[in-house]
file final33.pdb (PDB, C-alpha atoms)
ATOM      1  CA  GLU A   1      19.589 -11.662 -12.915  1.00  0.00           C
ATOM      2  CA  THR A   2      22.615 -12.994 -11.134  1.00  0.00           C
ATOM      3  CA  THR A   3      22.564 -15.267  -8.121  1.00  0.00           C
ATOM      4  CA  GLU A   4      23.965 -12.436  -5.989  1.00  0.00           C
ATOM      5  CA  ASN A   5      21.054 -10.174  -6.943  1.00  0.00           C
ATOM      6  CA  ILE A   6      18.520 -12.884  -6.170  1.00  0.00           C
ATOM      7  CA  THR A   7      20.172 -13.599  -2.809  1.00  0.00           C
ATOM      8  CA  HIS A   8      20.140  -9.867  -2.036  1.00  0.00           C
ATOM      9  CA  LEU A   9      16.433  -9.664  -2.904  1.00  0.00           C
ATOM     10  CA  TRP A  10      15.663 -12.585  -0.585  1.00  0.00           C
ATOM     11  CA  GLN A  11      17.625 -10.897   2.227  1.00  0.00           C
ATOM     12  CA  GLN A  12      15.650  -7.674   1.714  1.00  0.00           C
ATOM     13  CA  LEU A  13      12.388  -9.636   1.753  1.00  0.00           C
ATOM     14  CA  ASP A  14      13.408 -11.331   5.018  1.00  0.00           C
ATOM     15  CA  LYS A  15      14.116  -7.922   6.577  1.00  0.00           C
ATOM     16  CA  ILE A  16      10.853  -6.354   5.431  1.00  0.00           C
ATOM     17  CA  ARG A  17       8.532  -9.345   5.814  1.00  0.00           C
ATOM     18  CA  PRO A  18      10.074 -12.132   7.902  1.00  0.00           C
ATOM     19  CA  ASN A  19       8.428 -15.551   7.575  1.00  0.00           C
ATOM     20  CA  MET A  20       6.475 -14.456   4.495  1.00  0.00           C
ATOM     21  CA  VAL A  21       7.853 -17.360   2.493  1.00  0.00           C
ATOM     22  CA  SER A  22       8.423 -20.774   4.014  1.00  0.00           C
ATOM     23  CA  PRO A  23      11.763 -22.510   3.377  1.00  0.00           C
ATOM     24  CA  LYS A  24       9.980 -25.084   1.185  1.00  0.00           C
ATOM     25  CA  GLU A  25       8.385 -22.333  -0.927  1.00  0.00           C
ATOM     26  CA  ARG A  26      11.706 -20.538  -1.195  1.00  0.00           C
ATOM     27  CA  ILE A  27      13.356 -23.668  -2.603  1.00  0.00           C
ATOM     28  CA  TRP A  28      10.567 -23.979  -5.180  1.00  0.00           C
ATOM     29  CA  LEU A  29      10.773 -20.320  -6.130  1.00  0.00           C
ATOM     30  CA  MET A  30      14.565 -20.347  -6.435  1.00  0.00           C
ATOM     31  CA  LYS A  31      14.305 -22.953  -9.199  1.00  0.00           C
ATOM     32  CA  TYR A  32      12.395 -20.607 -11.519  1.00  0.00           C
ATOM     33  CA  LYS A  33      13.721 -17.573 -13.301  1.00  0.00           C
ATOM     34  CA  ASP A  34      10.235 -15.996 -13.440  1.00  0.00           C
ATOM     35  CA  ALA A  35       9.047 -16.813  -9.924  1.00  0.00           C
ATOM     36  CA  TYR A  36       6.357 -14.119 -10.097  1.00  0.00           C
ATOM     37  CA  SER A  37       4.364 -16.231 -12.560  1.00  0.00           C
ATOM     38  CA  LEU A  38       4.540 -19.220 -10.227  1.00  0.00           C
ATOM     39  CA  ILE A  39       3.256 -17.128  -7.318  1.00  0.00           C
ATOM     40  CA  TRP A  40       0.241 -15.934  -9.304  1.00  0.00           C
ATOM     41  CA  THR A  41      -0.426 -19.482 -10.487  1.00  0.00           C
ATOM     42  CA  TRP A  42      -0.484 -20.454  -6.821  1.00  0.00           C
ATOM     43  CA  ALA A  43      -2.848 -17.551  -6.085  1.00  0.00           C
ATOM     44  CA  ALA A  44      -5.267 -18.610  -8.839  1.00  0.00           C
ATOM     45  CA  SER A  45      -5.074 -22.218  -7.663  1.00  0.00           C
ATOM     46  CA  LEU A  46      -5.787 -21.124  -4.077  1.00  0.00           C
ATOM     47  CA  VAL A  47      -8.836 -19.149  -5.177  1.00  0.00           C
ATOM     48  CA  GLY A  48     -10.121 -22.195  -7.085  1.00  0.00           C
ATOM     49  CA  ARG A  49      -9.567 -24.523  -4.140  1.00  0.00           C
ATOM     50  CA  MET A  50     -11.239 -22.102  -1.737  1.00  0.00           C
ATOM     51  CA  ALA A  51     -14.265 -21.935  -4.044  1.00  0.00           C
ATOM     52  CA  ARG A  52     -14.395 -25.725  -4.242  1.00  0.00           C
ATOM     53  CA  ASP A  53     -14.152 -26.010  -0.432  1.00  0.00           C
ATOM     54  CA  GLY A  54     -16.905 -23.418   0.068  1.00  0.00           C
ATOM     55  CA  ASP A  55     -14.723 -20.783   1.771  1.00  0.00           C
ATOM     56  CA  ILE A  56     -15.621 -18.245  -0.914  1.00  0.00           C
ATOM     57  CA  PRO A  57     -18.564 -18.040  -3.357  1.00  0.00           C
ATOM     58  CA  PRO A  58     -18.737 -20.946  -5.861  1.00  0.00           C
ATOM     59  CA  MET A  59     -17.133 -20.882  -9.302  1.00  0.00           C
ATOM     60  CA  THR A  60     -20.447 -20.120 -11.006  1.00  0.00           C
ATOM     61  CA  SER A  61     -20.952 -16.880  -9.090  1.00  0.00           C
ATOM     62  CA  PRO A  62     -19.972 -13.424 -10.355  1.00  0.00           C
ATOM     63  CA  GLU A  63     -17.905 -12.849  -7.205  1.00  0.00           C
ATOM     64  CA  TYR A  64     -15.628 -15.749  -8.092  1.00  0.00           C
ATOM     65  CA  GLY A  65     -15.196 -14.358 -11.601  1.00  0.00           C
ATOM     66  CA  ARG A  66     -14.276 -10.998 -10.113  1.00  0.00           C
ATOM     67  CA  MET A  67     -11.676 -12.589  -7.818  1.00  0.00           C
ATOM     68  CA  LEU A  68     -10.083 -14.407 -10.735  1.00  0.00           C
ATOM     69  CA  ASP A  69     -10.186 -11.202 -12.750  1.00  0.00           C
ATOM     70  CA  ILE A  70      -8.236  -9.442  -9.987  1.00  0.00           C
ATOM     71  CA  VAL A  71      -5.656 -12.255  -9.979  1.00  0.00           C
ATOM     72  CA  LYS A  72      -5.359 -12.055 -13.789  1.00  0.00           C
ATOM     73  CA  THR A  73      -5.022  -8.262 -13.680  1.00  0.00           C
ATOM     74  CA  ALA A  74      -2.282  -8.464 -11.048  1.00  0.00           C
ATOM     75  CA  TYR A  75      -0.407 -11.093 -13.053  1.00  0.00           C
ATOM     76  CA  ALA A  76      -0.745  -9.066 -16.268  1.00  0.00           C
ATOM     77  CA  SER A  77       0.474  -5.927 -14.483  1.00  0.00           C
ATOM     78  CA  ILE A  78       3.564  -7.687 -13.187  1.00  0.00           C
ATOM     79  CA  ARG A  79       4.290  -9.102 -16.656  1.00  0.00           C
ATOM     80  CA  LYS A  80       3.866  -5.633 -18.157  1.00  0.00           C
ATOM     81  CA  ILE A  81       6.262  -4.071 -15.638  1.00  0.00           C
ATOM     82  CA  ARG A  82       8.752  -6.876 -16.145  1.00  0.00           C
ATOM     83  CA  SER A  83       8.653  -6.523 -19.930  1.00  0.00           C
ATOM     84  CA  SER A  84       9.118  -2.753 -19.758  1.00  0.00           C
ATOM     85  CA  TYR A  85      12.089  -3.333 -17.452  1.00  0.00           C
ATOM     86  CA  LEU A  86      13.639  -5.877 -19.812  1.00  0.00           C
ATOM     87  CA  LEU A  87      13.118  -3.835 -22.994  1.00  0.00           C
ATOM     88  CA  LYS A  88      15.699  -1.098 -23.225  1.00  0.00           C
ATOM     89  CA  ALA A  89      15.054   2.051 -25.219  1.00  0.00           C
ATOM     90  CA  PRO A  90      17.473   2.471 -28.137  1.00  0.00           C
ATOM     91  CA  PHE A  91      20.342   4.779 -27.236  1.00  0.00           C
ATOM     92  CA  ILE A  92      19.976   6.885 -30.366  1.00  0.00           C
ATOM     93  CA  TYR A  93      16.315   7.569 -29.560  1.00  0.00           C
ATOM     94  CA  VAL A  94      17.048   8.561 -25.972  1.00  0.00           C
ATOM     95  CA  HIS A  95      19.974  10.731 -27.093  1.00  0.00           C
ATOM     96  CA  THR A  96      17.891  12.479 -29.761  1.00  0.00           C
ATOM     97  CA  LEU A  97      15.061  13.089 -27.319  1.00  0.00           C
ATOM     98  CA  SER A  98      17.513  14.498 -24.785  1.00  0.00           C
ATOM     99  CA  MET A  99      18.986  16.848 -27.382  1.00  0.00           C
ATOM    100  CA  LEU A 100      15.497  18.058 -28.387  1.00  0.00           C
ATOM    101  CA  VAL A 101      14.608  18.785 -24.769  1.00  0.00           C
ATOM    102  CA  ASN A 102      17.865  20.687 -24.258  1.00  0.00           C
ATOM    103  CA  LEU A 103      17.330  22.652 -27.475  1.00  0.00           C
ATOM    104  CA  ASN A 104      13.799  23.515 -26.393  1.00  0.00           C
ATOM    105  CA  ASN A 105      15.062  24.691 -22.990  1.00  0.00           C
ATOM    106  CA  PHE A 106      17.736  26.841 -24.647  1.00  0.00           C
ATOM    107  CA  ILE A 107      15.263  28.476 -27.063  1.00  0.00           C
ATOM    108  CA  ASN A 108      12.735  29.140 -24.282  1.00  0.00           C
ATOM    109  CA  SER A 109      15.320  30.664 -21.958  1.00  0.00           C
ATOM    110  CA  THR A 110      16.721  32.854 -24.756  1.00  0.00           C
ATOM    111  CA  LEU A 111      13.262  34.118 -25.694  1.00  0.00           C
ATOM    112  CA  PHE A 112      12.412  34.781 -22.060  1.00  0.00           C
ATOM    113  CA  GLY A 113      15.628  36.770 -21.659  1.00  0.00           C
ATOM    114  CA  LEU A 114      14.897  38.835 -24.774  1.00  0.00           C
ATOM    115  CA  LEU A 115      11.339  39.551 -23.640  1.00  0.00           C
ATOM    116  CA  LEU A 116      12.536  40.519 -20.190  1.00  0.00           C
ATOM    117  CA  ALA A 117      15.090  42.886 -21.719  1.00  0.00           C
ATOM    118  CA  LYS A 118      12.402  44.365 -23.978  1.00  0.00           C
ATOM    119  CA  MET A 119      10.108  44.960 -21.004  1.00  0.00           C
ATOM    120  CA  MET A 120      12.690  46.623 -18.739  1.00  0.00           C
ATOM    121  CA  PRO A 121      11.825  50.169 -19.920  1.00  0.00           C
ATOM    122  CA  HIS A 122       8.142  49.509 -19.168  1.00  0.00           C
ATOM    123  CA  PHE A 123       8.984  48.149 -15.746  1.00  0.00           C
ATOM    124  CA  THR A 124      11.227  51.102 -14.851  1.00  0.00           C
ATOM    125  CA  ARG A 125       8.708  53.635 -16.206  1.00  0.00           C
ATOM    126  CA  ASP A 126       5.840  51.982 -14.318  1.00  0.00           C
ATOM    127  CA  ALA A 127       7.950  51.783 -11.157  1.00  0.00           C
ATOM    128  CA  ALA A 128       8.699  55.514 -11.414  1.00  0.00           C
ATOM    129  CA  LYS A 129       4.988  56.259 -11.870  1.00  0.00           C
ATOM    130  CA  LEU A 130       4.167  54.138  -8.817  1.00  0.00           C
ATOM    131  CA  ARG A 131       6.809  55.945  -6.732  1.00  0.00           C
ATOM    132  CA  GLU A 132       5.326  59.293  -7.738  1.00  0.00           C
ATOM    133  CA  GLY A 133       1.867  58.063  -6.783  1.00  0.00           C
ATOM    134  CA  ARG A 134       0.417  58.095 -10.301  1.00  0.00           C
ATOM    135  CA  VAL A 135      -1.204  54.666  -9.981  1.00  0.00           C
ATOM    136  CA  SER A 136      -3.952  55.451 -12.509  1.00  0.00           C
ATOM    137  CA  GLU A 137      -1.345  55.916 -15.265  1.00  0.00           C
ATOM    138  CA  VAL A 138       0.144  52.419 -14.832  1.00  0.00           C
ATOM    139  CA  ARG A 139      -1.290  50.165 -17.549  1.00  0.00           C
ATOM    140  CA  VAL A 140      -0.526  46.489 -17.023  1.00  0.00           C
ATOM    141  CA  SER A 141      -2.507  45.617 -20.133  1.00  0.00           C
ATOM    142  CA  ASP A 142      -0.220  47.816 -22.253  1.00  0.00           C
ATOM    143  CA  ALA A 143       2.835  46.027 -20.919  1.00  0.00           C
ATOM    144  CA  CYS A 144       1.294  42.602 -21.624  1.00  0.00           C
ATOM    145  CA  THR A 145       0.318  43.675 -25.122  1.00  0.00           C
ATOM    146  CA  THR A 146       3.857  44.870 -25.806  1.00  0.00           C
ATOM    147  CA  ILE A 147       5.211  41.469 -24.819  1.00  0.00           C
ATOM    148  CA  TRP A 148       3.091  39.599 -27.362  1.00  0.00           C
ATOM    149  CA  VAL A 149       3.244  42.073 -30.230  1.00  0.00           C
TER     150      VAL A 149
END
call {"tool": "encode", "arguments": {"input": "final33.pdb", "output": "structure tokens"}}
result
Amino acid sequence: ETTENITHLWQQLDKIRPNMVSPKERIWLMKYKDAYSLIWTWAASLVGRMARDGDIPPMTSPEYGRMLDIVKTAYASIRKIRSSYLLKAPFIYVHTLSMLVNLNNFINSTLFGLLLAKMMPHFTRDAAKLREGRVSEVRVSDACTTIWV
């Protein structure tokens, strides 16, 4: 990412969450290309220090393990998102997939049009029967069977 993008991201962060990051932390974070990993290292370190100080359950407890598991899961999720953002799909694959989708749409719309044209006599005949009040003679099941046969 360019310096302009990073500066823009910091400006957006200041608008959304002012005073979320202290100037000292910002200087530290600006030094690293992957600042997200540094933040989660800080989070894991904070959890460990809080356990040592007695603010949260001790390191031997299952609660502490769960807290660290949450930190690890969050860090892994961010890494996963970042890697999927950095890996670009090959153009030929995306182009081929797009062509297959368009071909599928064309075939489906053509078949739907042909079926609709085939069913028009049934629709007009059934509409005439309904206008004449001969409701018992209208067979929806016959029309559906004609579509699929």
call {"tool": "atom_distance", "arguments": {"input": "final33.pdb", "atom1": "CA of Ala35 in chain A", "atom2": "CA of Ile78 in chain A"}}
result
11.1 Å
call {"tool": "closest_residue", "arguments": {"input": "final33.pdb", "among": "A:Leu46, A:Leu111, A:Leu86, A:Val138", "to": "Thr124 in chain A", "atoms": "only C-alpha atoms"}}
result
A:Val138
call {"tool": "residues_near_point", "arguments": {"input": "final33.pdb", "point": "(-2.7, -12.0, -14.5)", "cutoff": "12 Å", "atoms": "only C-alpha atoms", "output": "number ranges by chain"}}
result
A: 36-44, 67-80
call {"tool": "decode", "arguments": {"input": "final33.pdb", "residues": "range 12-63 of chain A", "atoms": "C-alpha atoms", "output": "PDB file, in the first residue's frame"}}
result
ATOM      1  CA  GLN A  12     -10.810   7.788   8.241  1.00  0.00           C
ATOM      2  CA  LEU A  13      -9.970   6.147  11.572  1.00  0.00           C
ATOM      3  CA  ASP A  14      -9.663   9.576  13.222  1.00  0.00           C
ATOM      4  CA  LYS A  15     -13.102  10.539  11.880  1.00  0.00           C
ATOM      5  CA  ILE A  16     -14.796   7.324  12.981  1.00  0.00           C
ATOM      6  CA  ARG A  17     -12.976   6.732  16.270  1.00  0.00           C
ATOM      7  CA  PRO A  18     -11.081   9.811  17.465  1.00  0.00           C
ATOM      8  CA  ASN A  19      -8.409   9.190  20.108  1.00  0.00           C
ATOM      9  CA  MET A  20      -8.518   5.430  19.515  1.00  0.00           C
ATOM     10  CA  VAL A  21      -4.787   5.346  18.871  1.00  0.00           C
ATOM     11  CA  SER A  22      -2.354   7.509  20.794  1.00  0.00           C
ATOM     12  CA  PRO A  23       0.278   9.460  18.836  1.00  0.00           C
ATOM     13  CA  LYS A  24       2.995   7.184  20.266  1.00  0.00           C
ATOM     14  CA  GLU A  25       1.128   4.060  19.114  1.00  0.00           C
ATOM     15  CA  ARG A  26       0.548   5.597  15.705  1.00  0.00           C
ATOM     16  CA  ILE A  27       4.285   6.174  15.259  1.00  0.00           C
ATOM     17  CA  TRP A  28       4.957   2.541  16.183  1.00  0.00           C
ATOM     18  CA  LEU A  29       2.264   1.249  13.858  1.00  0.00           C
ATOM     19  CA  MET A  30       3.393   3.404  10.934  1.00  0.00           C
ATOM     20  CA  LYS A  31       6.777   1.659  10.978  1.00  0.00           C
ATOM     21  CA  TYR A  32       5.269  -1.741  10.145  1.00  0.00           C
ATOM     22  CA  LYS A  33       3.764  -2.837   6.878  1.00  0.00           C
ATOM     23  CA  ASP A  34       1.569  -5.435   8.635  1.00  0.00           C
ATOM     24  CA  ALA A  35       0.442  -3.373  11.621  1.00  0.00           C
ATOM     25  CA  TYR A  36      -2.500  -5.711  12.256  1.00  0.00           C
ATOM     26  CA  SER A  37      -0.119  -8.413  13.492  1.00  0.00           C
ATOM     27  CA  LEU A  38       1.494  -5.967  15.906  1.00  0.00           C
ATOM     28  CA  ILE A  39      -1.905  -4.983  17.306  1.00  0.00           C
ATOM     29  CA  TRP A  40      -2.847  -8.604  17.986  1.00  0.00           C
ATOM     30  CA  THR A  41       0.558  -9.232  19.548  1.00  0.00           C
ATOM     31  CA  TRP A  42      -0.211  -6.316  21.851  1.00  0.00           C
ATOM     32  CA  ALA A  43      -3.643  -7.805  22.596  1.00  0.00           C
ATOM     33  CA  ALA A  44      -2.153 -11.196  23.510  1.00  0.00           C
ATOM     34  CA  SER A  45       0.500  -9.493  25.631  1.00  0.00           C
ATOM     35  CA  LEU A  46      -2.185  -7.448  27.410  1.00  0.00           C
ATOM     36  CA  VAL A  47      -4.196 -10.572  28.188  1.00  0.00           C
ATOM     37  CA  GLY A  48      -1.067 -12.231  29.612  1.00  0.00           C
ATOM     38  CA  ARG A  49      -0.194  -9.214  31.742  1.00  0.00           C
ATOM     39  CA  MET A  50      -3.757  -8.919  33.025  1.00  0.00           C
ATOM     40  CA  ALA A  51      -3.676 -12.590  34.034  1.00  0.00           C
ATOM     41  CA  ARG A  52      -0.351 -12.091  35.799  1.00  0.00           C
ATOM     42  CA  ASP A  53      -1.698  -9.011  37.631  1.00  0.00           C
ATOM     43  CA  GLY A  54      -4.860 -10.861  38.691  1.00  0.00           C
ATOM     44  CA  ASP A  55      -7.314  -8.715  36.698  1.00  0.00           C
ATOM     45  CA  ILE A  56      -8.570 -11.793  34.852  1.00  0.00           C
ATOM     46  CA  PRO A  57      -8.440 -15.523  35.714  1.00  0.00           C
ATOM     47  CA  PRO A  58      -4.888 -16.959  35.963  1.00  0.00           C
ATOM     48  CA  MET A  59      -3.037 -18.559  33.060  1.00  0.00           C
ATOM     49  CA  THR A  60      -3.805 -22.072  34.300  1.00  0.00           C
ATOM     50  CA  SER A  61      -7.564 -21.568  34.103  1.00  0.00           C
ATOM     51  CA  PRO A  62      -9.747 -22.573  31.148  1.00  0.00           C
ATOM     52  CA  GLU A  63     -11.081 -19.010  30.913  1.00  0.00           C
TER      53      GLU A  63
END
